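In what follows, a structure is listed as structure tokens, so that the remarks can point back to it.
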Amino acid sequence: MRYTFLMPAFKEPYLKEAIGSILAQTYKDFTLIVSDDCSPHNLKAIVDEYHDNRIIYRRNAHNIGVEKLVDHWNLLLSLAESDYVILSPDDDVYAPTFLEEIEKLTRKYPQTGIFKSRAQIIDAQGNIRKADNDFSERISMAYNIYNQIAEQSFYGIGCYAFNTRQLRDMGGFAYYKMAWGSDTMTNILMSRNGMGVTKDILFSFRQSGENISSRKDSPKVQSTKSRNDLQVRKDILTVLDSMKPENNDDLVYMEGVRKQIQDEYYGLYVGCAPSYSFKDLLKLIMSKPEIFNTPRRKMAMIKSWITNR
């Protein structure tokens, strides 16, 4: 088997459209695993509408949920028997030639562990809200990081195809609480040998207010996201320290990422302030004089802690 679509499923509204877009692929050598995370909706009834032996339906014995979402991802990775895997959300949409174009890239760049379709963001009604950047057919790890951090260009994990063996060898999908940042870090780590990118936009990332990237969160959840964002950036700096640039352009991209992260640190620390005890908050402020270098910044941290606890 060449490809497996791994679909952790919980939401019902767009599931039929998501499955239909996968089954409509012009390249046929794939399997789709729909993994029902104990949804209150009858997802099996939707799956059963398709009489297609490429679909495997399973249901978790108990709800894994958002808190341990990456565990669900890695469970599905362990079930894959294909050369490549695509982690497919239950509400996003693939163009019919998605796999066909990805397959061309995998044949051309066999040492590369990750391939990306250019993508676009759509709303609940399917209206296009934002389109991906143009890319070269192959980009370096440094440019991949720069594109995501400095240009903030990211369109969900579903637009990537991962080499199954390489993904397993690095321990599976990167773990962060609520999977916030797991998609970003996974594709960064998988791009050590570069990334192949399709010429055309072949994936639509839906922001409907139902998924974790577009819904309105409680202060506690938002604080967790901010803390994850902070940790991801620290981890990226560690990656940069061990990276070998491919050319002089990579040196520019790497420096651009470092500068962007330093510029973001203050806002991220303010966002995750409620997750600290007050004692630890004061220790943090005192230990980062290069960031909390004015009374206004120090008070902003304390205000965030008081307001959102």
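Quick note on naming: the chains in the structure tokens go A, B, ... in the order shown, residues restart at 1 in each chain, and ligands are numbered from 1 in order of appearance.
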Return as JSON lines the residues of segment 9-77 of chain A lying at most 10 Å from segment 93-105 of chain A, together with the closest atom-to-atom pair for each and the distance in Å to one decimal, counting only C-alpha atoms, with rows in chain order and ascending residue number.
```
{"residue": "A:Tyr14", "atom": "CA", "partner": "A:Val93", "partner_atom": "CA", "distance": 9.1}
{"residue": "A:Leu15", "atom": "CA", "partner": "A:Val93", "partner_atom": "CA", "distance": 9.7}
{"residue": "A:Glu17", "atom": "CA", "partner": "A:Val93", "partner_atom": "CA", "distance": 7.0}
{"residue": "A:Ala18", "atom": "CA", "partner": "A:Val93", "partner_atom": "CA", "distance": 5.3}
{"residue": "A:Ile19", "atom": "CA", "partner": "A:Val93", "partner_atom": "CA", "distance": 8.3}
{"residue": "A:Gly20", "atom": "CA", "partner": "A:Val93", "partner_atom": "CA", "distance": 8.6}
{"residue": "A:Ser21", "atom": "CA", "partner": "A:Tyr94", "partner_atom": "CA", "distance": 5.3}
{"residue": "A:Ile22", "atom": "CA", "partner": "A:Tyr94", "partner_atom": "CA", "distance": 6.3}
{"residue": "A:Leu23", "atom": "CA", "partner": "A:Pro96", "partner_atom": "CA", "distance": 8.5}
{"residue": "A:Ala24", "atom": "CA", "partner": "A:Pro96", "partner_atom": "CA", "distance": 5.6}
{"residue": "A:Gln25", "atom": "CA", "partner": "A:Pro96", "partner_atom": "CA", "distance": 4.4}
{"residue": "A:Thr26", "atom": "CA", "partner": "A:Thr97", "partner_atom": "CA", "distance": 5.7}
{"residue": "A:Tyr27", "atom": "CA", "partner": "A:Glu100", "partner_atom": "CA", "distance": 5.1}
{"residue": "A:Lys28", "atom": "CA", "partner": "A:Leu99", "partner_atom": "CA", "distance": 8.4}
{"residue": "A:Asp29", "atom": "CA", "partner": "A:Leu99", "partner_atom": "CA", "distance": 9.1}
{"residue": "A:Phe30", "atom": "CA", "partner": "A:Leu99", "partner_atom": "CA", "distance": 9.0}
```
**Item:** Nearby residues (only C-alpha atoms) at most 9 Å from Met185 of chain A, same-chain spacing under 4 positions excluded, as a list in words
**Value:** Phe173, Ala174, Tyr175, Gly181, Leu189, Met190, Val232, Asp235 and Ile236 of chain A
Excluding Thr224 of chain A and any residue of its chain fewer than 6 positions from it, enumerate the residues within 8 Å of it, using only C-alpha atoms, and give them as an mmCIF file with C-alpha atoms, in the first residue's frame.
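The result, stored in selection_5.cif:
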```
data_model
loop_
_atom_site.group_PDB
_atom_site.id
_atom_site.type_symbol
_atom_site.label_atom_id
_atom_site.label_comp_id
_atom_site.auth_asym_id
_atom_site.auth_seq_id
_atom_site.Cartn_x
_atom_site.Cartn_y
_atom_site.Cartn_z
ATOM 1 C CA LYS A 177 -0.755 19.158 25.174
ATOM 2 C CA CYS A 272 0.560 31.988 29.364
ATOM 3 C CA SER A 275 -0.740 28.952 33.963
#
```
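Taking the backbone of this structure through DSSP, the residues of segment 28-107 of chain A that come out as helix (DSSP H, G or I) are Leu43, Lys44, Ala45, Ile46, Val47, Asp48, Leu69, Val70, Asp71, His72, Trp73, Asn74, Leu75, Leu76, Leu77, Ser78, Leu79, Phe98, Leu99, Glu100, Glu101, Ile102, Glu103, Lys104, Leu105, Thr106 and Arg107 of chain A.
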Residues as selected, C-alpha atoms, written as a CSV table (one decimal), in the first residue's frame, can you do that?
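Full text of again32.csv as output:
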```csv
chain,number,residue,atom,x,y,z
A,43,LEU,CA,-20.4,8.6,12.4
A,44,LYS,CA,-20.6,4.9,11.4
A,45,ALA,CA,-23.8,5.6,9.5
A,46,ILE,CA,-22.0,8.2,7.4
A,47,VAL,CA,-19.1,5.8,6.7
A,48,ASP,CA,-21.5,3.0,5.8
A,69,LEU,CA,-5.1,14.1,20.7
A,70,VAL,CA,-1.6,13.2,19.7
A,71,ASP,CA,-2.0,9.8,21.3
A,72,HIS,CA,-4.9,9.3,18.9
A,73,TRP,CA,-2.7,10.4,16.0
A,74,ASN,CA,0.1,8.0,17.0
A,75,LEU,CA,-2.3,5.1,17.6
A,76,LEU,CA,-3.4,5.5,14.0
A,77,LEU,CA,0.2,5.8,12.8
A,78,SER,CA,0.8,2.4,14.4
A,79,LEU,CA,-2.0,0.9,12.3
A,98,PHE,CA,-3.9,15.7,-4.3
A,99,LEU,CA,-2.4,12.2,-4.2
A,100,GLU,CA,-1.5,12.2,-7.9
A,101,GLU,CA,0.7,15.3,-7.5
A,102,ILE,CA,2.2,14.1,-4.1
A,103,GLU,CA,3.1,10.8,-5.7
A,104,LYS,CA,5.1,12.6,-8.4
A,105,LEU,CA,7.1,14.4,-5.8
A,106,THR,CA,7.8,11.3,-3.7
A,107,ARG,CA,9.2,9.6,-6.8
```
**Message:** Quick check, in Å to one decimal: how far apart do atom CA of Tyr276 of chain A and atom CA of Ser226 of chain A lie?
**Reply:**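 One can read the atom CA of Tyr276 of chain A to atom CA of Ser226 of chain A distance as 12.1 Å.
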**Asked** Using only C-alpha atoms, which of A:Tyr146, A:Tyr269, A:Tyr3, A:Tyr155 sits nearest Lys298 of chain A?
**Response** A:Tyr269
**Asked** From the list A:Ile201, A:Ala300, A:Lys11, A:Ala142, which residue is nearest Leu237 of chain A when using only C-alpha atoms?
**Response** A:Ala142
**Message:** Please compute the atom CA of Phe115 of chain A-atom CA of Gly196 of chain A distance, one decimal, in Å.
**Reply:** 4.6 Å
**Message:** Please return, as a PyMOL selection string, all residues of segment 37-257 of chain A that DSSP assigns to strand (DSSP E or B) on the basis of the backbone.
**Reply:** chain A and resi 55-59+84-87+93-94+114-122+128-131+138-139+160-163+195-206
Those selected residues, please, written with C-alpha atoms and delivered as a PDB file, in the first residue's frame.
```pdb
ATOM      1  CA  ILE A  55     -12.324   2.413   4.071  1.00  0.00           C
ATOM      2  CA  ILE A  56     -11.567   0.916   7.473  1.00  0.00           C
ATOM      3  CA  TYR A  57     -13.838   2.087  10.289  1.00  0.00           C
ATOM      4  CA  ARG A  58     -12.859   1.706  13.941  1.00  0.00           C
ATOM      5  CA  ARG A  59     -14.124   3.199  17.201  1.00  0.00           C
ATOM      6  CA  TYR A  84       3.254   7.278   3.431  1.00  0.00           C
ATOM      7  CA  VAL A  85       0.586   8.586   5.791  1.00  0.00           C
ATOM      8  CA  ILE A  86      -1.636  11.664   5.674  1.00  0.00           C
ATOM      9  CA  LEU A  87      -3.311  12.830   8.886  1.00  0.00           C
ATOM     10  CA  VAL A  93     -11.227  18.883   1.739  1.00  0.00           C
ATOM     11  CA  TYR A  94      -8.790  17.403  -0.796  1.00  0.00           C
ATOM     12  CA  ILE A 114       7.642  15.076   3.997  1.00  0.00           C
ATOM     13  CA  PHE A 115       5.615  16.463   1.111  1.00  0.00           C
ATOM     14  CA  LYS A 116       3.157  19.324   1.131  1.00  0.00           C
ATOM     15  CA  SER A 117       0.264  20.413  -1.001  1.00  0.00           C
ATOM     16  CA  ARG A 118      -0.179  24.144  -1.245  1.00  0.00           C
ATOM     17  CA  ALA A 119      -3.358  24.964   0.609  1.00  0.00           C
ATOM     18  CA  GLN A 120      -6.073  27.494   1.317  1.00  0.00           C
ATOM     19  CA  ILE A 121      -8.256  28.377   4.283  1.00  0.00           C
ATOM     20  CA  ILE A 122     -12.019  28.084   3.846  1.00  0.00           C
ATOM     21  CA  ILE A 128     -11.915  30.923   0.433  1.00  0.00           C
ATOM     22  CA  ARG A 129     -10.471  33.206   3.109  1.00  0.00           C
ATOM     23  CA  LYS A 130      -6.731  32.948   2.473  1.00  0.00           C
ATOM     24  CA  ALA A 131      -4.438  31.212  -0.003  1.00  0.00           C
ATOM     25  CA  ARG A 138      11.568  21.623  -3.095  1.00  0.00           C
ATOM     26  CA  ILE A 139      12.277  23.830  -0.079  1.00  0.00           C
ATOM     27  CA  TYR A 160       1.240  16.957   4.437  1.00  0.00           C
ATOM     28  CA  ALA A 161       2.221  13.424   3.439  1.00  0.00           C
ATOM     29  CA  PHE A 162       4.785  11.846   5.776  1.00  0.00           C
ATOM     30  CA  ASN A 163       7.152   8.971   5.086  1.00  0.00           C
ATOM     31  CA  MET A 195      10.215  19.244   1.690  1.00  0.00           C
ATOM     32  CA  GLY A 196       8.552  18.664  -1.662  1.00  0.00           C
ATOM     33  CA  VAL A 197       5.698  21.053  -2.490  1.00  0.00           C
ATOM     34  CA  THR A 198       2.984  20.870  -5.156  1.00  0.00           C
ATOM     35  CA  LYS A 199       2.614  23.670  -7.660  1.00  0.00           C
ATOM     36  CA  ASP A 200      -1.158  23.963  -7.228  1.00  0.00           C
ATOM     37  CA  ILE A 201      -3.454  24.418  -4.224  1.00  0.00           C
ATOM     38  CA  LEU A 202      -4.901  20.946  -3.598  1.00  0.00           C
ATOM     39  CA  PHE A 203      -6.053  21.132   0.032  1.00  0.00           C
ATOM     40  CA  SER A 204      -8.651  23.246   1.839  1.00  0.00           C
ATOM     41  CA  PHE A 205      -8.233  23.788   5.576  1.00  0.00           C
ATOM     42  CA  ARG A 206     -11.614  24.573   7.103  1.00  0.00           C
TER      43      ARG A 206
END
```
**Message:** What's the separation between atom CA of Arg296 of chain A and atom CA of Lys283 of chain A, in Å to one decimal place?
**Reply:** 16.9 Å
**Prompt:** With only C-alpha atoms as the basis for distance, which of A:Asn308, A:Gly65, A:Gln111, A:Gly126 is at the shortest distance from Gln166 of chain A?
**Reply:** A:Gln111
**Message:** Which residue is closest to Thr4 of chain A? Choose from A:Glu81, A:Gln231, A:Pro40, A:Asp52 and count only C-alpha atoms.
**Reply:** A:Glu81
